[in-house]
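Read through the structure below, which is laid out as structure tokens, and then see the notes.
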Amino acid sequence: MQKWILCTLLALALAFTVRCARLLTASAALEEVDVVVNKSNDIAPLSREEVRRIFMGDKSSWRGGKRITVLMLAIDQPERVVILQAVFKMNESEYTKYFLQAAFTGRVQAAPRDLPSAAQMKAHLAANPNAIGYLRKEDVDDGVNVVLKLP
């Protein structure tokens with residue numbers, strides 16, 4: 001009986017440790033996400049509020065009238081959680097609800113486009129001079145311009 005209790009307590013402690021490690025990893029990711037645009041986009045660095053307005057659909061065009069294409073990584077990507085918290089100030093369900101309502105009422109022209117990976121994000125950013133998205137700091141290269149670093 002004591003061995004069973006000891007094993008159960010060890011299993012719970014291990015599960016708790018794994019969960020804490022995941023939380024620490026997610027917190028560390030917060031320091032590593034950069035909002036980026038196509039290399040040819042000469043926009044100056046943006047404030048967090050400006051990025052929020054763009055991602056929320058409140059600002060839909062760059063200077064000169066070019067329509068902004070907002071890119072998001074897929075739901076299972078950790079960078080998305082960082083963006084939802086730091087930029088949107090929402091969780092996944094609030095984000096989904098917001099864009100469903102905004103599309104229904106005509107508040108936004110288009111919801112952000114979801115992409116499955118950082119490689120796809122970089123490819124879309126390279127192909128579209130009006131796109132904005134985000135990457136982990138390690139994924140940023142000279143093919144994009146960083147407009148906001150999210151601590």
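Every chain in the structure tokens takes a letter, A first, then B, and so on in the order presented; its residues are numbered from 1, and the ligands are numbered from 1 following the presented order.
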Practice task
Skip Ala111 in chain A itself and residues of its chain fewer than 4 positions away, then list as a list in words all residues within 8 Å of it, counting only C-alpha atoms.
Solution key: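 Selected residues are Gly57, Val70, Phe99 and Ala103 of chain A.
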Could you save those same residues with N, CA and C atoms as a compact mmCIF listing (two decimals), in the first residue's frame?
# COMPACT_ATOMS: atom_id res chain seq x y z
N GLY A 57 -7.44 44.30 -37.53
CA GLY A 57 -8.18 44.73 -38.71
C GLY A 57 -8.64 46.16 -38.66
N VAL A 70 -2.50 40.13 -43.20
CA VAL A 70 -2.04 39.66 -41.89
C VAL A 70 -1.93 38.14 -41.92
N PHE A 99 -13.17 37.47 -34.63
CA PHE A 99 -13.15 37.55 -36.09
C PHE A 99 -14.44 37.04 -36.72
N ALA A 103 -16.29 39.75 -38.99
CA ALA A 103 -16.59 39.42 -40.38
C ALA A 103 -18.09 39.54 -40.64
Exercise for the section: List every residue of range 107-143 of chain A that DSSP, applied to the backbone, labels as helix (DSSP H, G or I), and write the result as a list in words. Expected result: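 Filtering range 107-143 of chain A to helix (DSSP H, G or I) leaves Ala118, Ala119, Gln120, Met121, Lys122, Ala123, His124, Leu125, Ala126, Ala127, Lys137, Glu138 and Asp139 of chain A.
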Problem - Selection near range 83-98 of chain A, 7 Å with only C-alpha atoms, sequence-local residues under 4 positions removed, as a PyMOL selection string - result: chain A and resi 48+52+79+102
Exercise for the section: Report the distance between CA of Val81 in chain A and CA of Lys66 in chain A in Å, rounded to one decimal place. Expected result: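 Separation between CA of Val81 in chain A and CA of Lys66 in chain A: 28.0 Å.
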Practice task
Could you pull out the residues in range 49-122 of chain A that DSSP calls strand (DSSP E or B) from the backbone, as an NGL selection string?
Solution key: :A and (61 or 67 or 69-73 or 113-115)
Okay, now the selection with C-alpha atoms, as a PDB file, in the first residue's frame?
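Heads up, here's the output in out.pdb:
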ATOM      1  CA  SER A  61      -3.648  49.493 -45.493  1.00  0.00           C
ATOM      2  CA  ARG A  67      -3.842  46.520 -48.485  1.00  0.00           C
ATOM      3  CA  THR A  69      -2.218  40.956 -45.469  1.00  0.00           C
ATOM      4  CA  VAL A  70      -2.043  39.662 -41.886  1.00  0.00           C
ATOM      5  CA  LEU A  71      -0.486  36.229 -41.461  1.00  0.00           C
ATOM      6  CA  MET A  72      -0.843  33.989 -38.398  1.00  0.00           C
ATOM      7  CA  LEU A  73       0.696  30.635 -37.593  1.00  0.00           C
ATOM      8  CA  ARG A 113      -4.547  33.975 -42.898  1.00  0.00           C
ATOM      9  CA  ASP A 114      -3.368  30.910 -40.958  1.00  0.00           C
ATOM     10  CA  LEU A 115      -0.154  29.202 -42.041  1.00  0.00           C
TER      11      LEU A 115
END
Output as CSV one row per residue of range 76-123 of chain A within 10 Å of range 136-139 of chain A: the closest atom pair and its distance in Å to one decimal place, counting only C-alpha atoms, sorted by chain and residue number ascending.
residue,atom,partner,partner_atom,distance
A:Pro78,CA,A:Arg136,CA,9.4
A:Glu79,CA,A:Arg136,CA,6.8
A:Ala118,CA,A:Asp139,CA,7.3
A:Ala119,CA,A:Asp139,CA,8.6
A:Lys122,CA,A:Asp139,CA,8.7
What does the file look like for those residues with N, CA and C atoms, as a PDB file, in the first residue's frame?
ATOM      1  N   PRO A  78       3.467  27.521 -30.875  1.00  0.00           N
ATOM      2  CA  PRO A  78       3.604  28.296 -29.636  1.00  0.00           C
ATOM      3  C   PRO A  78       3.713  29.803 -29.859  1.00  0.00           C
ATOM      4  N   GLU A  79       4.253  30.217 -30.994  1.00  0.00           N
ATOM      5  CA  GLU A  79       4.364  31.640 -31.275  1.00  0.00           C
ATOM      6  C   GLU A  79       2.983  32.304 -31.354  1.00  0.00           C
ATOM      7  N   ALA A 118       6.630  28.087 -39.680  1.00  0.00           N
ATOM      8  CA  ALA A 118       7.470  29.274 -39.855  1.00  0.00           C
ATOM      9  C   ALA A 118       8.009  29.348 -41.281  1.00  0.00           C
ATOM     10  N   ALA A 119       8.318  28.194 -41.874  1.00  0.00           N
ATOM     11  CA  ALA A 119       8.805  28.177 -43.257  1.00  0.00           C
ATOM     12  C   ALA A 119       7.747  28.739 -44.206  1.00  0.00           C
ATOM     13  N   LYS A 122       7.577  32.538 -43.714  1.00  0.00           N
ATOM     14  CA  LYS A 122       8.668  33.225 -44.417  1.00  0.00           C
ATOM     15  C   LYS A 122       8.417  33.259 -45.919  1.00  0.00           C
TER      16      LYS A 122
END
Handout entry: Shell of 7 Å around range 33-40 of chain A, only C-alpha atoms, local chain residues under 3 positions omitted, as a list in words
Key =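 Within the cut-off, the hits are Ala29, Leu30, Glu79, Leu125, Ala126, Asn128, Pro129, Asn130, Ala131, Ile132, Gly133, Tyr134, Leu135, Arg136, Lys137, Gly143, Val144, Asn145, Val146, Val147, Leu148, Lys149 and Leu150 of chain A.
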Handout entry: Atomic separation - CA of His124 in chain A relative to CA of Ala74 in chain A, Å
Key =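 Computing it gives 13.9 Å between the two atoms.
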